[in-house]
Amino acid sequence: MAEMNTNLQDNPRGALEKHINALQSELKMTRKQALVNINKEIFENPANSDCDLTVVFPEIYAYILKSFSDQSEACREYAALIISNFIERLPLNDYYLTYILPVLVRRIGCPEIVEESEEIRLVLIELVHKILDKYKVPHLLSPFINDFTSILTKTSTDPFPKVKLEACECIILLTKLIERDFHFQSESYVKPVLSNFAHQHFRVRVAAIKAIGAIVLAGNAKCFELSITPMAEKLFDENTQVRLQVTLEVGNWVLNYRDRYSFWHRMIPLLLTSLSDVMADVRETATKLWTDIGLQYMEENEEDLKKKADFLKDVPTHYPDVKRPNLGCRVLVQSNIGKIVPAIGREMDGWQADARLRSSQLLCWLLLCAEEGATQHANTIVRTLIRGANDDDPRIVTEIKRASELLGYFITPDTWWPLLEADVDSWPALLVIANVLKGSRAELVTGKVMEELCKEIADPDRCRMRKAKYQTSLLHVTEALMQLCGDACAPVFDQLFTVCFTVYAMPVDDHIQLMALSNLDKLRYIEKCGSTLSSLYERHVGHILTDIDSDPITWSLLTPHRCLLDCVLLRGGAALGNQLHIIGPLLKASLAPAKMDPEVKLKIFTSLSTMLLQRQTNFSKCDTFQLEAFLKIILKDVIMVNLVWSPGRTAEATRTAAVACLCAALQPAGGEGGGGDGNETVNLFPTKESLAPFVDEMVPLLAALVDDNSSLTRQHTLRAIASLAELADQRDCFTADVLHKLYFVVLKRLDDSSAAVREGALHTTRELFSRRARPYDTVVYGAHVDALYAALLVHLDDPDEQFRGQVLDTLLALSDVDPKVLMKKVKANIHLYRNKDAYERLASHLEKML
């Protein structure tokens with residue numbers, strides 16, 4: 001062994017001759033074994049542990065490097081192992097690299113793939129990594145920069161992911177070892193490394209991002225220009241580690257890039273975007289980096305910022321509920337926001353929702369950091385906000401709301417209102433205004449801005465717009481204004497009511513109507529005008545009615561004026577009492593004309609009926625004179641006009657609605673549900689003088705309507721006759737003449753095809769004669785009594801058992817009109833009828849009376 005050791009030290013070629021000769025064998029197993037033996041002899045033999053390898057390498061390297069091209073993968077692998085061992089043990093000397101690196105370039109640095117084995121390529125790039133790790137002296141590596149460039153630009157695009165990872169590590173190491181020489185060739189590295197940004201393995205993407213970070217720091221401005229956009233795109237990567245690495249690298253650029261002052265506007269948006277990342281790790285990292293950047297900027301510009309720092313105030317009293325960025329961060333953004341905001345505006349027009357979302361989040365951070373410094377760019381910011389508010393993605397709209405609120409905190413109303421005023425016709429602008437108001441100071445909004453804003457949104461062409469998003473935004477604006485200004489809204493209470501009530505009267509859906517109702521209740525609370533909405537309506541509903549000035553003939557169901565009138569009639573409550581002088585003419589104009597849209601007529605008649613039924617509430621505060629004047633218009637110019645017969649189904653439906661409305665008007669006091677604010681009962685016809693003028697006019701119309709083609713009209717008419725009889729009897733104006741004009745047409749309805757009409761006729765007959773004037777001269781009116789009993793007795797044999805029972809009850813009730821005549825008829829005809837029990841019961845009752 002000692003001899004061998006001496007031979008290797010003194011005569012390396014002789015000691016390894018047989019192994020070198022074996023490398024020429026055609027058998028790959030022989031060549032492989034020769035390489036194994038050479039490695040053992042040089043590096044593993046204890047006897048040669050002290051051998052000077054600088055003597056051995058010159059004798060053996062040519063044969064080993066030649067084996068890098070051996071056909072056998074195993075031979076190539078062992079050859080790389082031997083060279084790796086040499087690199088590890090040989091002293092630093094670029095002499096060795098002169099022979100090794102060109103071979104590596106030929107194997108893994110050529111444009112085409114020479115080394116076909118992925119595993120061997122990995123071994124070779126690891127060998128390059130070992131060389132870089134060992135040769136950390138720039139002057140030894142600098143001569144080989146071209147070789148390293150050829151190898152690393154090729155291996156960074158290698159199909160094998162592990163080779164890519166190793167190549168990226170080598171690039172990072174190379175930028176640190178020979179930064180000056182690397183600077184001149186840095187552009188060559190950018191595109192190959194960027195090609196890995198889209199690799200399916202996240203570790204490769206992370207490694208590529210780290211490598212680009214190092215290349216940009218060591219490279220020229222062109223490297224930055226080529227890299228910044230792909231780096232920004234990686235902020236949308238689905239993997240958290242990738243986004244975190246982008247944040248780290250960009251933060252490192254902002255802190256250490258030599259030309260960073262020229263590229264603040266390109267780097268800051270990337271870092272601020274990471275502040276809104278979905279993962280806490282990324283957000284925390286970005287927050288720390290951003291804070292450090294601000295502090296560093298303050299140190300670097302201490303003289304320029306000295307005055308600002310000396311007079312630096314604490315967090316302003318009017319400030320969002322977030323931590324305030326330091327002075328350096330704020331100054332940085334203030335000086336660069338003008339270059340960033342236009343780019344955000346362009347991005348908001350892009351087709352990728354995620355990009356628009358990140359842009360809207362970035363805008364929030366810019367506004368937070370820029371504070372008042374954003375004022376000179378307010379126009380661009382407002383345009384961007386309006387565009388974002390119109391986005392279909394709800395995530396983006398949420399961020400735009402936050403940005404709008406921040407705008408309100410830092411930019412005064414006299415700046416943002418003129419920029420938004422012209423766009424009040426669009427719902428996105430209203431959405432922005434609503435959220436800007438949330439961040440504004442009340443003392444700056446009240447006055448000119450508030451009055452102009454309310455004047456614009458209360459304009460009929462705007463507040464009567466029937467679009468869901470527009471109505472919702474309108475309500476949000478009024479809600480924000482009331483919440484911000486409170487009692488100070490007094491000068492615009494009328495406009496706020498107009499907007500909310502108009503939307504309430506003509507909502508697109510139920511949700512919007514509930515929002516409007518909620519806003520009305522908030523307005524009531526602010527005005528301190530009572531515990532119910534009726535008290536609010538009393539103050540403002542007259543203004544709504546006065547604004548209804550269009551010709552009702554032009555109305556349709558969706559016409560705003562029709563909706564407003566309908567809502568007032570149904571919801572006005574006690575407020576209606578003081579507005580009857582306006583409501584009466586409106587109803588006359590909308591219900592009297594024959595050319596009115598029939599659907600509109602029916603709708604208004606229904607609302608009028610409801611209004612009359614709820615008289616105890618609606619007219620509780622009404623002046624008697626006003627009520628009489630109103631009723632005169634309603635009965636003579638509205639209801640009676642529409643009771644006159646005319647042909648057609650439309651006219652028929654109108655008559656039905658009109659007679660139903662008459663029923664509501666004639667209903668006796670106390671019959672409706674609910675009560676008013678006072679205890680006194682509301683009577684529409686409190687005296688004989690108030691009712692008598694209408695009775696003679698109504699009787700012939702009702703008598704004619706009893707024979708109407710519509711069964712529903714006939715039912716309502718019979719109800720109206722019964723109510724008229726009761727009311728006229730109470731007011732002492734139900735004469736025998738009125739009775740005789742009505743009862744006969746009513747009796748004819750006992751043969752009606754409708755069971756409901758027959759029962760109504762029976763009830764009305766009973767009501768008419770039970771209300772007859774007393775004393776009732778049966779001698780003079782004998783023919784009428786005879787006709788009454790004859791008609792009822794016939795129906796005692798009606799096929800309907802229930803109806804027969806009702807007829808008997810009616811005869812028993814009306815037997816007091818003239819019991820003798822009735823007894824005579826019963827006995828004369830008792831043998832002719834089948835319903836013997838009914839006749840016997842009636843006869844028994846009459847005998848007791850007589």
# chains A, B, ... in the order shown; residues from 1 in each chain; ligands from 1
$ residues_around --residues "A:Ala589" --least-positions-apart "2" --cutoff "10 Å" --atoms "only C-alpha atoms" --output "MDAnalysis selection string"
chainID A and resid 551:553 583:587 591:593 596 637:638
$ residues_around --residues "A:Gln513" --least-positions-apart "3" --cutoff "12 Å" --atoms "only C-alpha atoms" --output "number ranges by chain"
A: 468, 471-472, 475, 500-510, 516-520, 567
$ write_last_selection --atoms "C-alpha atoms" --output "mmCIF file, in the first residue's frame"
data_model
loop_
_atom_site.group_PDB
_atom_site.id
_atom_site.type_symbol
_atom_site.label_atom_id
_atom_site.label_comp_id
_atom_site.auth_asym_id
_atom_site.auth_seq_id
_atom_site.Cartn_x
_atom_site.Cartn_y
_atom_site.Cartn_z
ATOM 1 C CA ALA A 468 -83.991 48.617 -9.340
ATOM 2 C CA GLN A 471 -83.943 53.236 -6.771
ATOM 3 C CA THR A 472 -81.686 51.315 -4.395
ATOM 4 C CA LEU A 475 -82.395 55.251 -1.014
ATOM 5 C CA CYS A 500 -88.332 58.197 -0.281
ATOM 6 C CA PHE A 501 -92.099 58.420 -0.751
ATOM 7 C CA THR A 502 -91.829 58.338 -4.537
ATOM 8 C CA VAL A 503 -89.754 55.159 -4.419
ATOM 9 C CA TYR A 504 -92.174 53.756 -1.825
ATOM 10 C CA ALA A 505 -95.080 54.476 -4.164
ATOM 11 C CA MET A 506 -93.542 52.903 -7.253
ATOM 12 C CA PRO A 507 -90.941 50.294 -6.177
ATOM 13 C CA VAL A 508 -89.476 47.736 -8.540
ATOM 14 C CA ASP A 509 -89.769 45.004 -5.901
ATOM 15 C CA ASP A 510 -90.813 44.395 -2.304
ATOM 16 C CA ALA A 516 -88.091 53.114 1.318
ATOM 17 C CA LEU A 517 -90.435 52.537 4.245
ATOM 18 C CA SER A 518 -87.441 52.234 6.572
ATOM 19 C CA ASN A 519 -86.044 55.530 5.264
ATOM 20 C CA LEU A 520 -89.389 57.250 5.809
ATOM 21 C CA CYS A 567 -100.066 55.376 -2.450
#
$ residues_around --residues "A:Pro12" --least-positions-apart "4" --cutoff "7 Å" --atoms "only C-alpha atoms" --output "list in words"
Asn7, Leu8, Leu16, Val56 and Glu59 of chain A
$ write_last_selection --atoms "N, CA, C and O atoms" --output "mmCIF file, in the first residue's frame"
data_model
loop_
_atom_site.group_PDB
_atom_site.id
_atom_site.type_symbol
_atom_site.label_atom_id
_atom_site.label_comp_id
_atom_site.auth_asym_id
_atom_site.auth_seq_id
_atom_site.Cartn_x
_atom_site.Cartn_y
_atom_site.Cartn_z
ATOM 1 N N ASN A 7 3.597 5.590 -5.439
ATOM 2 C CA ASN A 7 3.414 5.605 -6.887
ATOM 3 C C ASN A 7 2.380 6.645 -7.304
ATOM 4 O O ASN A 7 2.540 7.325 -8.320
ATOM 5 N N LEU A 8 1.232 6.783 -6.538
ATOM 6 C CA LEU A 8 0.200 7.756 -6.901
ATOM 7 C C LEU A 8 0.705 9.172 -6.712
ATOM 8 O O LEU A 8 0.413 10.054 -7.513
ATOM 9 N N LEU A 16 -2.420 4.759 -12.102
ATOM 10 C CA LEU A 16 -3.795 4.649 -12.617
ATOM 11 C C LEU A 16 -3.818 4.153 -14.053
ATOM 12 O O LEU A 16 -4.878 4.172 -14.689
ATOM 13 N N VAL A 56 -2.177 14.946 -9.286
ATOM 14 C CA VAL A 56 -2.974 13.884 -9.908
ATOM 15 C C VAL A 56 -3.859 14.442 -11.008
ATOM 16 O O VAL A 56 -4.008 13.846 -12.079
ATOM 17 N N GLU A 59 -2.881 14.742 -14.690
ATOM 18 C CA GLU A 59 -2.621 13.473 -15.351
ATOM 19 C C GLU A 59 -3.908 12.729 -15.723
ATOM 20 O O GLU A 59 -3.896 11.892 -16.627
#
$ residues_around --residues "stretch 798-813 of chain A" --least-positions-apart "4" --cutoff "10 Å" --atoms "only C-alpha atoms" --output "list in words"
Leu750, Asp751, Ala755, Arg758, Glu759, Leu762, His763, Thr765, Arg766, Glu767, Phe769, Ser770, Leu788, Tyr789, Leu792, Leu793, Val794, Val817, Pro819, Leu822, Arg834, Asn835, Ala838, Tyr839, Arg841, Leu842, Ala843, His845 and Leu846 of chain A
$ residues_around --residues "A:Leu27" --least-positions-apart "3" --cutoff "12 Å" --atoms "only C-alpha atoms" --output "number ranges by chain"
A: 22-24, 30-34, 70-72, 75
$ write_last_selection --atoms "all heavy atoms" --output "compact mmCIF listing (two decimals), in the first residue's frame"
# COMPACT_ATOMS: atom_id res chain seq x y z
N ALA A 22 -8.48 0.84 -19.25
CA ALA A 22 -9.79 0.20 -19.25
C ALA A 22 -10.87 1.14 -19.76
O ALA A 22 -11.92 0.70 -20.25
CB ALA A 22 -10.15 -0.29 -17.84
N LEU A 23 -10.64 2.47 -19.64
CA LEU A 23 -11.64 3.42 -20.14
C LEU A 23 -11.77 3.37 -21.65
O LEU A 23 -12.76 3.86 -22.21
CB LEU A 23 -11.26 4.85 -19.72
CG LEU A 23 -11.36 5.18 -18.22
CD1 LEU A 23 -10.86 6.58 -17.97
CD2 LEU A 23 -12.82 5.04 -17.75
N GLN A 24 -10.78 2.73 -22.32
CA GLN A 24 -10.85 2.64 -23.77
C GLN A 24 -11.60 1.41 -24.23
O GLN A 24 -11.78 1.19 -25.44
CB GLN A 24 -9.42 2.59 -24.35
CG GLN A 24 -8.47 3.65 -23.78
CD GLN A 24 -9.01 5.04 -23.91
OE1 GLN A 24 -9.56 5.38 -24.95
NE2 GLN A 24 -8.84 5.85 -22.86
N THR A 30 -16.95 -2.42 -18.24
CA THR A 30 -15.51 -2.27 -17.97
C THR A 30 -15.17 -0.80 -17.74
O THR A 30 -14.43 -0.44 -16.81
CB THR A 30 -14.69 -2.82 -19.16
OG1 THR A 30 -15.05 -4.19 -19.37
CG2 THR A 30 -13.20 -2.72 -18.88
N ARG A 31 -15.76 0.07 -18.59
CA ARG A 31 -15.49 1.49 -18.45
C ARG A 31 -16.04 2.01 -17.13
O ARG A 31 -15.40 2.80 -16.43
CB ARG A 31 -16.11 2.28 -19.61
CG ARG A 31 -15.54 1.91 -20.97
CD ARG A 31 -15.90 2.95 -22.03
NE ARG A 31 -17.33 3.16 -22.16
CZ ARG A 31 -18.13 2.42 -22.93
NH1 ARG A 31 -17.63 1.41 -23.65
NH2 ARG A 31 -19.42 2.68 -23.01
N LYS A 32 -17.21 1.54 -16.78
CA LYS A 32 -17.82 1.97 -15.52
C LYS A 32 -16.96 1.54 -14.34
O LYS A 32 -16.70 2.33 -13.41
CB LYS A 32 -19.23 1.39 -15.38
CG LYS A 32 -19.87 1.69 -14.03
CD LYS A 32 -21.20 0.98 -13.88
CE LYS A 32 -21.76 1.17 -12.46
NZ LYS A 32 -23.01 0.43 -12.25
N GLN A 33 -16.49 0.26 -14.40
CA GLN A 33 -15.68 -0.25 -13.29
C GLN A 33 -14.36 0.51 -13.19
O GLN A 33 -13.85 0.77 -12.09
CB GLN A 33 -15.42 -1.75 -13.47
CG GLN A 33 -14.79 -2.41 -12.26
CD GLN A 33 -15.66 -2.28 -11.01
OE1 GLN A 33 -16.85 -2.50 -11.07
NE2 GLN A 33 -15.05 -1.91 -9.89
N ALA A 34 -13.85 0.89 -14.33
CA ALA A 34 -12.60 1.65 -14.33
C ALA A 34 -12.79 2.98 -13.63
O ALA A 34 -11.96 3.42 -12.82
CB ALA A 34 -12.12 1.86 -15.77
N ASP A 70 -19.54 9.78 -22.62
CA ASP A 70 -19.68 8.32 -22.76
C ASP A 70 -21.12 7.96 -23.07
O ASP A 70 -22.07 8.62 -22.63
CB ASP A 70 -19.22 7.64 -21.46
CG ASP A 70 -18.94 6.17 -21.67
OD1 ASP A 70 -19.93 5.41 -21.81
OD2 ASP A 70 -17.77 5.80 -21.74
N GLN A 71 -21.28 6.87 -23.83
CA GLN A 71 -22.64 6.44 -24.18
C GLN A 71 -23.40 5.91 -22.98
O GLN A 71 -24.63 5.90 -22.97
CB GLN A 71 -22.56 5.35 -25.26
CG GLN A 71 -22.03 5.87 -26.59
CD GLN A 71 -21.99 4.77 -27.64
OE1 GLN A 71 -22.17 3.59 -27.32
NE2 GLN A 71 -21.72 5.15 -28.89
N SER A 72 -22.69 5.47 -21.98
CA SER A 72 -23.32 4.89 -20.80
C SER A 72 -23.63 5.99 -19.77
O SER A 72 -22.76 6.78 -19.41
CB SER A 72 -22.40 3.84 -20.17
OG SER A 72 -22.89 3.46 -18.90
N CYS A 75 -21.48 5.65 -16.67
CA CYS A 75 -20.12 6.17 -16.83
C CYS A 75 -20.10 7.69 -16.72
O CYS A 75 -19.22 8.28 -16.07
CB CYS A 75 -19.54 5.73 -18.18
SG CYS A 75 -19.28 3.94 -18.30
$ residues_around --residues "stretch 477-489 of chain A" --least-positions-apart "6" --cutoff "7 Å" --atoms "only C-alpha atoms" --output "MDAnalysis selection string"
chainID A and resid 430 433:434 437:438 442 446 496 519 526
$ closest_residue --among "A:Leu701, A:Leu104, A:Leu570, A:Leu53" --to "A:Phe86" --atoms "only C-alpha atoms"
A:Leu53
$ closest_residue --among "A:Arg395, A:His740, A:His318, A:His540" --to "A:Arg441" --atoms "only C-alpha atoms"
A:His318
$ closest_residue --among "A:Pro491, A:Tyr470, A:Ala720, A:His476" --to "A:Gly447" --atoms "only C-alpha atoms"
A:Pro491
$ atom_distance --atom1 "atom CA of A:Leu643" --atom2 "atom CA of A:Asn618"
25.2 Å
$ select_by_dssp --residues "stretch 172-307 of chain A" --states "helix (DSSP H, G or I)" --output "PyMOL selection string"
chain A and resi 172-177+179-198+202-218+221-236+240-256+260-262+264-274+280-300+306-307
$ closest_residue --among "A:Arg324, A:Lys595, A:Leu684, A:Cys663" --to "A:Lys632" --atoms "only C-alpha atoms"
A:Leu684
$ atom_distance --atom1 "atom CA of A:Leu132" --atom2 "atom CA of A:His201"
25.9 Å
$ atom_distance --atom1 "atom CA of A:Ser556" --atom2 "atom CA of A:Val568"
17.1 Å
$ closest_residue --among "A:Asp304, A:Leu152, A:Lys825, A:Leu327" --to "A:Thr291" --atoms "only C-alpha atoms"
A:Leu327
$ residues_around --residues "A:Ser262" --least-positions-apart "5" --cutoff "12 Å" --atoms "only C-alpha atoms" --output "ChimeraX atom specification"
/A:221,224-225,253-254,257,267-268,335-336,339
$ closest_residue --among "A:Arg243, A:His561, A:His784, A:His511" --to "A:Lys210" --atoms "only C-alpha atoms"
A:Arg243
